[in-house]
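Heads up: the structure comes next, in structure tokens.
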Amino acid sequence: QVQLVESGGGLVQPGGSLRLSCIGSGFAFSRYSMNWYRQAPGKEREPVASIRSVDFSTTYADSVKGRFTVTRDNAERTVYLQMNDLKPDDTAVYYCNALRILYGNYWGQGTQVTVSS
């Protein structure tokens with residue numbers, strides 16, 4: 001059974017930091033691109049960051065470049081999203097995604113991040 005379990009969300013003040021984690025099981029984690037998406041109230045889900053399986057190369061949404069960092073630990077089957085200098089516009093439910101074309105596209109249940117003073 002495939003599972004992606006996110007953790008690390010919460011309430012933080014503007015300018016603060018959070019680190020999200022996502023542990024995968026039930027699939028070949030190291031062979032999947034791991035991605036973070038977010039969905040704010042009333043908005044569509046949008047990509048935030050991704051890290052490839054082969055070379056660990058990363059991509060980021062323009063809105064988070066320089067503030068967020070995505071990393072992965074294949075031995076621990078975990079992907080992380082370090083979020084610094086958080087802004088109110090970063091408030092959303094953050095979702096972990098595992099993607100391998102022709103093999104699988106899996107989603108976690110999401111974790112709430114709220115940035116507010």
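The chains in the structure tokens are called A, B, ... from first to last as shown; in each chain the residues are counted from 1, and the ligands are counted from 1 in the order shown.
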
Go through segment 7-85 of chain A and flag each residue having an atom no more than 6 Å from segment 90-99 of chain A; for those, report the closest pair of atoms plus their distance in Å to one decimal, using only C-alpha atoms, ordered by chain and rising number, as a Markdown table.
```
| residue | atom | partner | partner_atom | distance |
| --- | --- | --- | --- | --- |
| A:Tyr32 | CA | A:Leu99 | CA | 5.3 |
| A:Ser33 | CA | A:Leu99 | CA | 5.2 |
| A:Met34 | CA | A:Ala98 | CA | 4.7 |
| A:Asn35 | CA | A:Asn97 | CA | 4.9 |
| A:Trp36 | CA | A:Cys96 | CA | 4.8 |
| A:Tyr37 | CA | A:Tyr95 | CA | 5.1 |
| A:Arg38 | CA | A:Tyr94 | CA | 4.3 |
| A:Gln39 | CA | A:Ala92 | CA | 5.2 |
| A:Ala40 | CA | A:Ala92 | CA | 4.2 |
```

Selection export as a PDB file, in the first residue's frame, atoms kept: all heavy atoms:
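Output saved as part.pdb:
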```
ATOM      1  N   TYR A  32      11.544   7.920  -7.829  1.00  0.00           N
ATOM      2  CA  TYR A  32      10.488   8.893  -8.072  1.00  0.00           C
ATOM      3  C   TYR A  32      10.983  10.319  -7.885  1.00  0.00           C
ATOM      4  O   TYR A  32      11.756  10.609  -6.961  1.00  0.00           O
ATOM      5  CB  TYR A  32       9.308   8.655  -7.124  1.00  0.00           C
ATOM      6  CG  TYR A  32       8.398   7.533  -7.542  1.00  0.00           C
ATOM      7  CD1 TYR A  32       8.845   6.213  -7.548  1.00  0.00           C
ATOM      8  CD2 TYR A  32       7.095   7.789  -7.945  1.00  0.00           C
ATOM      9  CE1 TYR A  32       8.010   5.180  -7.951  1.00  0.00           C
ATOM     10  CE2 TYR A  32       6.254   6.765  -8.337  1.00  0.00           C
ATOM     11  CZ  TYR A  32       6.720   5.468  -8.343  1.00  0.00           C
ATOM     12  OH  TYR A  32       5.886   4.453  -8.732  1.00  0.00           O
ATOM     13  N   SER A  33      10.521  11.192  -8.772  1.00  0.00           N
ATOM     14  CA  SER A  33      10.638  12.611  -8.514  1.00  0.00           C
ATOM     15  C   SER A  33       9.712  12.947  -7.347  1.00  0.00           C
ATOM     16  O   SER A  33       8.572  12.498  -7.304  1.00  0.00           O
ATOM     17  CB  SER A  33      10.224  13.401  -9.752  1.00  0.00           C
ATOM     18  OG  SER A  33      10.117  14.774  -9.451  1.00  0.00           O
ATOM     19  N   MET A  34      10.241  13.718  -6.397  1.00  0.00           N
ATOM     20  CA  MET A  34       9.442  14.096  -5.229  1.00  0.00           C
ATOM     21  C   MET A  34       9.144  15.585  -5.305  1.00  0.00           C
ATOM     22  O   MET A  34      10.043  16.400  -5.546  1.00  0.00           O
ATOM     23  CB  MET A  34      10.179  13.754  -3.938  1.00  0.00           C
ATOM     24  CG  MET A  34      10.427  12.262  -3.759  1.00  0.00           C
ATOM     25  SD  MET A  34       8.917  11.269  -3.770  1.00  0.00           S
ATOM     26  CE  MET A  34       8.050  11.930  -2.344  1.00  0.00           C
ATOM     27  N   ASN A  35       7.903  15.910  -5.074  1.00  0.00           N
ATOM     28  CA  ASN A  35       7.434  17.267  -5.332  1.00  0.00           C
ATOM     29  C   ASN A  35       6.585  17.782  -4.170  1.00  0.00           C
ATOM     30  O   ASN A  35       5.911  17.006  -3.502  1.00  0.00           O
ATOM     31  CB  ASN A  35       6.589  17.259  -6.608  1.00  0.00           C
ATOM     32  CG  ASN A  35       7.259  16.499  -7.728  1.00  0.00           C
ATOM     33  OD1 ASN A  35       8.308  16.886  -8.216  1.00  0.00           O
ATOM     34  ND2 ASN A  35       6.656  15.379  -8.125  1.00  0.00           N
ATOM     35  N   TRP A  36       6.632  19.076  -3.994  1.00  0.00           N
ATOM     36  CA  TRP A  36       5.755  19.745  -3.029  1.00  0.00           C
ATOM     37  C   TRP A  36       4.818  20.675  -3.791  1.00  0.00           C
ATOM     38  O   TRP A  36       5.265  21.439  -4.664  1.00  0.00           O
ATOM     39  CB  TRP A  36       6.554  20.546  -2.015  1.00  0.00           C
ATOM     40  CG  TRP A  36       7.282  19.708  -1.027  1.00  0.00           C
ATOM     41  CD1 TRP A  36       8.599  19.328  -1.071  1.00  0.00           C
ATOM     42  CD2 TRP A  36       6.739  19.143   0.177  1.00  0.00           C
ATOM     43  NE1 TRP A  36       8.910  18.556   0.028  1.00  0.00           N
ATOM     44  CE2 TRP A  36       7.780  18.444   0.813  1.00  0.00           C
ATOM     45  CE3 TRP A  36       5.493  19.175   0.794  1.00  0.00           C
ATOM     46  CZ2 TRP A  36       7.602  17.763   2.015  1.00  0.00           C
ATOM     47  CZ3 TRP A  36       5.315  18.504   1.989  1.00  0.00           C
ATOM     48  CH2 TRP A  36       6.361  17.811   2.593  1.00  0.00           C
ATOM     49  N   TYR A  37       3.555  20.601  -3.439  1.00  0.00           N
ATOM     50  CA  TYR A  37       2.533  21.485  -3.967  1.00  0.00           C
ATOM     51  C   TYR A  37       1.859  22.171  -2.780  1.00  0.00           C
ATOM     52  O   TYR A  37       1.985  21.733  -1.641  1.00  0.00           O
ATOM     53  CB  TYR A  37       1.467  20.698  -4.741  1.00  0.00           C
ATOM     54  CG  TYR A  37       1.886  20.198  -6.086  1.00  0.00           C
ATOM     55  CD1 TYR A  37       2.768  19.132  -6.223  1.00  0.00           C
ATOM     56  CD2 TYR A  37       1.387  20.780  -7.255  1.00  0.00           C
ATOM     57  CE1 TYR A  37       3.150  18.669  -7.465  1.00  0.00           C
ATOM     58  CE2 TYR A  37       1.748  20.319  -8.509  1.00  0.00           C
ATOM     59  CZ  TYR A  37       2.638  19.260  -8.603  1.00  0.00           C
ATOM     60  OH  TYR A  37       3.002  18.807  -9.848  1.00  0.00           O
ATOM     61  N   ARG A  38       1.118  23.214  -3.083  1.00  0.00           N
ATOM     62  CA  ARG A  38       0.312  23.847  -2.046  1.00  0.00           C
ATOM     63  C   ARG A  38      -0.993  24.355  -2.635  1.00  0.00           C
ATOM     64  O   ARG A  38      -1.082  24.631  -3.829  1.00  0.00           O
ATOM     65  CB  ARG A  38       1.070  24.995  -1.374  1.00  0.00           C
ATOM     66  CG  ARG A  38       1.340  26.196  -2.255  1.00  0.00           C
ATOM     67  CD  ARG A  38       2.227  27.198  -1.514  1.00  0.00           C
ATOM     68  NE  ARG A  38       2.484  28.383  -2.326  1.00  0.00           N
ATOM     69  CZ  ARG A  38       3.326  29.344  -1.970  1.00  0.00           C
ATOM     70  NH1 ARG A  38       4.006  29.257  -0.809  1.00  0.00           N
ATOM     71  NH2 ARG A  38       3.503  30.393  -2.747  1.00  0.00           N
ATOM     72  N   GLN A  39      -1.973  24.467  -1.751  1.00  0.00           N
ATOM     73  CA  GLN A  39      -3.271  24.963  -2.166  1.00  0.00           C
ATOM     74  C   GLN A  39      -3.804  25.892  -1.083  1.00  0.00           C
ATOM     75  O   GLN A  39      -4.041  25.470   0.053  1.00  0.00           O
ATOM     76  CB  GLN A  39      -4.247  23.818  -2.415  1.00  0.00           C
ATOM     77  CG  GLN A  39      -5.562  24.276  -3.005  1.00  0.00           C
ATOM     78  CD  GLN A  39      -6.403  23.124  -3.526  1.00  0.00           C
ATOM     79  OE1 GLN A  39      -6.192  21.963  -3.181  1.00  0.00           O
ATOM     80  NE2 GLN A  39      -7.354  23.432  -4.387  1.00  0.00           N
ATOM     81  N   ALA A  40      -3.962  27.142  -1.464  1.00  0.00           N
ATOM     82  CA  ALA A  40      -4.520  28.142  -0.559  1.00  0.00           C
ATOM     83  C   ALA A  40      -6.038  28.165  -0.712  1.00  0.00           C
ATOM     84  O   ALA A  40      -6.564  27.759  -1.760  1.00  0.00           O
ATOM     85  CB  ALA A  40      -3.926  29.503  -0.868  1.00  0.00           C
TER      86      ALA A  40
END
```

Residues within 10 Å of Lys65 of chain A, please, as a ChimeraX atom specification. Count only C-alpha atoms; anything in the same chain fewer than 4 positions from it doesn't count.
/A:48-49,59-61,69

Selection: 12 Å around Val5 of chain A, only C-alpha atoms, excl. self and same-chain fewer than 4 positions, as a ChimeraX atom specification
/A:9,20-26,77-80,94-98,106-111

What's the separation between atom CA of Gln82 of chain A and atom CA of Val12 of chain A, in Å to one decimal place?
13.4 Å

Distance criterion (only C-alpha atoms): nearest to Arg100 of chain A out of A:Val113, A:Val64, A:Leu86, A:Ala28
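Of A:Val113, A:Val64, A:Leu86, A:Ala28, the one nearest Arg100 of chain A, counting only C-alpha atoms, is A:Ala28.
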
Identify all residues of segment 11-42 of chain A in strand (DSSP E or B) (DSSP on the backbone) and supply them as a PDB file with all heavy atoms, in the first residue's frame.
```
ATOM      1  N   LEU A  11       1.473  26.858  12.782  1.00  0.00           N
ATOM      2  CA  LEU A  11       1.298  28.305  12.770  1.00  0.00           C
ATOM      3  C   LEU A  11       2.640  28.967  13.052  1.00  0.00           C
ATOM      4  O   LEU A  11       3.333  28.598  14.023  1.00  0.00           O
ATOM      5  CB  LEU A  11       0.283  28.712  13.834  1.00  0.00           C
ATOM      6  CG  LEU A  11       0.089  30.207  14.085  1.00  0.00           C
ATOM      7  CD1 LEU A  11      -0.468  30.891  12.847  1.00  0.00           C
ATOM      8  CD2 LEU A  11      -0.827  30.427  15.285  1.00  0.00           C
ATOM      9  N   VAL A  12       2.998  29.924  12.225  1.00  0.00           N
ATOM     10  CA  VAL A  12       4.278  30.619  12.380  1.00  0.00           C
ATOM     11  C   VAL A  12       4.075  32.091  12.055  1.00  0.00           C
ATOM     12  O   VAL A  12       3.218  32.440  11.228  1.00  0.00           O
ATOM     13  CB  VAL A  12       5.355  29.972  11.486  1.00  0.00           C
ATOM     14  CG1 VAL A  12       5.002  30.116  10.018  1.00  0.00           C
ATOM     15  CG2 VAL A  12       6.735  30.519  11.785  1.00  0.00           C
ATOM     16  N   LEU A  18       9.740  26.983   8.941  1.00  0.00           N
ATOM     17  CA  LEU A  18       9.198  25.652   9.211  1.00  0.00           C
ATOM     18  C   LEU A  18       9.917  24.663   8.310  1.00  0.00           C
ATOM     19  O   LEU A  18      10.375  25.031   7.217  1.00  0.00           O
ATOM     20  CB  LEU A  18       7.700  25.580   8.908  1.00  0.00           C
ATOM     21  CG  LEU A  18       6.709  26.188   9.897  1.00  0.00           C
ATOM     22  CD1 LEU A  18       5.299  26.117   9.317  1.00  0.00           C
ATOM     23  CD2 LEU A  18       6.769  25.492  11.247  1.00  0.00           C
ATOM     24  N   ARG A  19       9.989  23.421   8.770  1.00  0.00           N
ATOM     25  CA  ARG A  19      10.496  22.354   7.907  1.00  0.00           C
ATOM     26  C   ARG A  19       9.436  21.267   7.811  1.00  0.00           C
ATOM     27  O   ARG A  19       9.057  20.658   8.812  1.00  0.00           O
ATOM     28  CB  ARG A  19      11.790  21.765   8.432  1.00  0.00           C
ATOM     29  CG  ARG A  19      12.421  20.808   7.418  1.00  0.00           C
ATOM     30  CD  ARG A  19      13.771  20.282   7.836  1.00  0.00           C
ATOM     31  NE  ARG A  19      13.687  19.155   8.748  1.00  0.00           N
ATOM     32  CZ  ARG A  19      14.614  18.208   8.845  1.00  0.00           C
ATOM     33  NH1 ARG A  19      15.690  18.269   8.080  1.00  0.00           N
ATOM     34  NH2 ARG A  19      14.475  17.229   9.721  1.00  0.00           N
ATOM     35  N   LEU A  20       8.990  21.043   6.591  1.00  0.00           N
ATOM     36  CA  LEU A  20       8.036  19.966   6.324  1.00  0.00           C
ATOM     37  C   LEU A  20       8.793  18.688   5.970  1.00  0.00           C
ATOM     38  O   LEU A  20       9.849  18.742   5.342  1.00  0.00           O
ATOM     39  CB  LEU A  20       7.104  20.335   5.174  1.00  0.00           C
ATOM     40  CG  LEU A  20       6.341  21.646   5.296  1.00  0.00           C
ATOM     41  CD1 LEU A  20       5.411  21.814   4.090  1.00  0.00           C
ATOM     42  CD2 LEU A  20       5.570  21.722   6.584  1.00  0.00           C
ATOM     43  N   SER A  21       8.216  17.577   6.376  1.00  0.00           N
ATOM     44  CA  SER A  21       8.763  16.265   6.031  1.00  0.00           C
ATOM     45  C   SER A  21       7.677  15.427   5.384  1.00  0.00           C
ATOM     46  O   SER A  21       6.494  15.595   5.675  1.00  0.00           O
ATOM     47  CB  SER A  21       9.268  15.546   7.288  1.00  0.00           C
ATOM     48  OG  SER A  21      10.264  16.273   7.956  1.00  0.00           O
ATOM     49  N   CYS A  22       8.098  14.521   4.537  1.00  0.00           N
ATOM     50  CA  CYS A  22       7.166  13.592   3.893  1.00  0.00           C
ATOM     51  C   CYS A  22       7.851  12.241   3.776  1.00  0.00           C
ATOM     52  O   CYS A  22       8.905  12.136   3.140  1.00  0.00           O
ATOM     53  CB  CYS A  22       6.766  14.109   2.520  1.00  0.00           C
ATOM     54  SG  CYS A  22       5.820  12.933   1.523  1.00  0.00           S
ATOM     55  N   ILE A  23       7.279  11.245   4.423  1.00  0.00           N
ATOM     56  CA  ILE A  23       7.838   9.892   4.392  1.00  0.00           C
ATOM     57  C   ILE A  23       7.003   9.043   3.451  1.00  0.00           C
ATOM     58  O   ILE A  23       5.770   8.992   3.563  1.00  0.00           O
ATOM     59  CB  ILE A  23       7.848   9.277   5.798  1.00  0.00           C
ATOM     60  CG1 ILE A  23       8.699  10.121   6.746  1.00  0.00           C
ATOM     61  CG2 ILE A  23       8.365   7.852   5.752  1.00  0.00           C
ATOM     62  CD1 ILE A  23       8.676   9.635   8.180  1.00  0.00           C
ATOM     63  N   GLY A  24       7.688   8.377   2.531  1.00  0.00           N
ATOM     64  CA  GLY A  24       7.001   7.528   1.563  1.00  0.00           C
ATOM     65  C   GLY A  24       7.201   6.058   1.854  1.00  0.00           C
ATOM     66  O   GLY A  24       8.254   5.650   2.358  1.00  0.00           O
ATOM     67  N   SER A  25       6.190   5.268   1.521  1.00  0.00           N
ATOM     68  CA  SER A  25       6.294   3.824   1.670  1.00  0.00           C
ATOM     69  C   SER A  25       5.420   3.158   0.623  1.00  0.00           C
ATOM     70  O   SER A  25       4.494   3.769   0.094  1.00  0.00           O
ATOM     71  CB  SER A  25       5.868   3.391   3.080  1.00  0.00           C
ATOM     72  OG  SER A  25       4.530   3.749   3.340  1.00  0.00           O
ATOM     73  N   SER A  33      10.521  11.192  -8.772  1.00  0.00           N
ATOM     74  CA  SER A  33      10.638  12.611  -8.514  1.00  0.00           C
ATOM     75  C   SER A  33       9.712  12.947  -7.347  1.00  0.00           C
ATOM     76  O   SER A  33       8.572  12.498  -7.304  1.00  0.00           O
ATOM     77  CB  SER A  33      10.224  13.401  -9.752  1.00  0.00           C
ATOM     78  OG  SER A  33      10.117  14.774  -9.451  1.00  0.00           O
ATOM     79  N   MET A  34      10.241  13.718  -6.397  1.00  0.00           N
ATOM     80  CA  MET A  34       9.442  14.096  -5.229  1.00  0.00           C
ATOM     81  C   MET A  34       9.144  15.585  -5.305  1.00  0.00           C
ATOM     82  O   MET A  34      10.043  16.400  -5.546  1.00  0.00           O
ATOM     83  CB  MET A  34      10.179  13.754  -3.938  1.00  0.00           C
ATOM     84  CG  MET A  34      10.427  12.262  -3.759  1.00  0.00           C
ATOM     85  SD  MET A  34       8.917  11.269  -3.770  1.00  0.00           S
ATOM     86  CE  MET A  34       8.050  11.930  -2.344  1.00  0.00           C
ATOM     87  N   ASN A  35       7.903  15.910  -5.074  1.00  0.00           N
ATOM     88  CA  ASN A  35       7.434  17.267  -5.332  1.00  0.00           C
ATOM     89  C   ASN A  35       6.585  17.782  -4.170  1.00  0.00           C
ATOM     90  O   ASN A  35       5.911  17.006  -3.502  1.00  0.00           O
ATOM     91  CB  ASN A  35       6.589  17.259  -6.608  1.00  0.00           C
ATOM     92  CG  ASN A  35       7.259  16.499  -7.728  1.00  0.00           C
ATOM     93  OD1 ASN A  35       8.308  16.886  -8.216  1.00  0.00           O
ATOM     94  ND2 ASN A  35       6.656  15.379  -8.125  1.00  0.00           N
ATOM     95  N   TRP A  36       6.632  19.076  -3.994  1.00  0.00           N
ATOM     96  CA  TRP A  36       5.755  19.745  -3.029  1.00  0.00           C
ATOM     97  C   TRP A  36       4.818  20.675  -3.791  1.00  0.00           C
ATOM     98  O   TRP A  36       5.265  21.439  -4.664  1.00  0.00           O
ATOM     99  CB  TRP A  36       6.554  20.546  -2.015  1.00  0.00           C
ATOM    100  CG  TRP A  36       7.282  19.708  -1.027  1.00  0.00           C
ATOM    101  CD1 TRP A  36       8.599  19.328  -1.071  1.00  0.00           C
ATOM    102  CD2 TRP A  36       6.739  19.143   0.177  1.00  0.00           C
ATOM    103  NE1 TRP A  36       8.910  18.556   0.028  1.00  0.00           N
ATOM    104  CE2 TRP A  36       7.780  18.444   0.813  1.00  0.00           C
ATOM    105  CE3 TRP A  36       5.493  19.175   0.794  1.00  0.00           C
ATOM    106  CZ2 TRP A  36       7.602  17.763   2.015  1.00  0.00           C
ATOM    107  CZ3 TRP A  36       5.315  18.504   1.989  1.00  0.00           C
ATOM    108  CH2 TRP A  36       6.361  17.811   2.593  1.00  0.00           C
ATOM    109  N   TYR A  37       3.555  20.601  -3.439  1.00  0.00           N
ATOM    110  CA  TYR A  37       2.533  21.485  -3.967  1.00  0.00           C
ATOM    111  C   TYR A  37       1.859  22.171  -2.780  1.00  0.00           C
ATOM    112  O   TYR A  37       1.985  21.733  -1.641  1.00  0.00           O
ATOM    113  CB  TYR A  37       1.467  20.698  -4.741  1.00  0.00           C
ATOM    114  CG  TYR A  37       1.886  20.198  -6.086  1.00  0.00           C
ATOM    115  CD1 TYR A  37       2.768  19.132  -6.223  1.00  0.00           C
ATOM    116  CD2 TYR A  37       1.387  20.780  -7.255  1.00  0.00           C
ATOM    117  CE1 TYR A  37       3.150  18.669  -7.465  1.00  0.00           C
ATOM    118  CE2 TYR A  37       1.748  20.319  -8.509  1.00  0.00           C
ATOM    119  CZ  TYR A  37       2.638  19.260  -8.603  1.00  0.00           C
ATOM    120  OH  TYR A  37       3.002  18.807  -9.848  1.00  0.00           O
ATOM    121  N   ARG A  38       1.118  23.214  -3.083  1.00  0.00           N
ATOM    122  CA  ARG A  38       0.312  23.847  -2.046  1.00  0.00           C
ATOM    123  C   ARG A  38      -0.993  24.355  -2.635  1.00  0.00           C
ATOM    124  O   ARG A  38      -1.082  24.631  -3.829  1.00  0.00           O
ATOM    125  CB  ARG A  38       1.070  24.995  -1.374  1.00  0.00           C
ATOM    126  CG  ARG A  38       1.340  26.196  -2.255  1.00  0.00           C
ATOM    127  CD  ARG A  38       2.227  27.198  -1.514  1.00  0.00           C
ATOM    128  NE  ARG A  38       2.484  28.383  -2.326  1.00  0.00           N
ATOM    129  CZ  ARG A  38       3.326  29.344  -1.970  1.00  0.00           C
ATOM    130  NH1 ARG A  38       4.006  29.257  -0.809  1.00  0.00           N
ATOM    131  NH2 ARG A  38       3.503  30.393  -2.747  1.00  0.00           N
ATOM    132  N   GLN A  39      -1.973  24.467  -1.751  1.00  0.00           N
ATOM    133  CA  GLN A  39      -3.271  24.963  -2.166  1.00  0.00           C
ATOM    134  C   GLN A  39      -3.804  25.892  -1.083  1.00  0.00           C
ATOM    135  O   GLN A  39      -4.041  25.470   0.053  1.00  0.00           O
ATOM    136  CB  GLN A  39      -4.247  23.818  -2.415  1.00  0.00           C
ATOM    137  CG  GLN A  39      -5.562  24.276  -3.005  1.00  0.00           C
ATOM    138  CD  GLN A  39      -6.403  23.124  -3.526  1.00  0.00           C
ATOM    139  OE1 GLN A  39      -6.192  21.963  -3.181  1.00  0.00           O
ATOM    140  NE2 GLN A  39      -7.354  23.432  -4.387  1.00  0.00           N
TER     141      GLN A  39
END
```

Just how far from atom CA of Asn105 of chain A is atom CA of Gln3 of chain A, in Å to one decimal?
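About the pair atom CA of Gln3 of chain A and atom CA of Asn105 of chain A: they are 11.4 Å apart.
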
So what do you get for atom CA of Val2 of chain A versus atom CA of Ser50 of chain A, distance-wise?
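Atom CA of Ser50 of chain A lies 19.4 Å from atom CA of Val2 of chain A.
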
Go through A:Gln13, A:Ser57, A:Ser116, A:Ser30 and flag the residue nearest Asn74 of chain A, using only C-alpha atoms for the distances.
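Nearest candidate to Asn74 of chain A out of A:Gln13, A:Ser57, A:Ser116, A:Ser30: A:Ser30.
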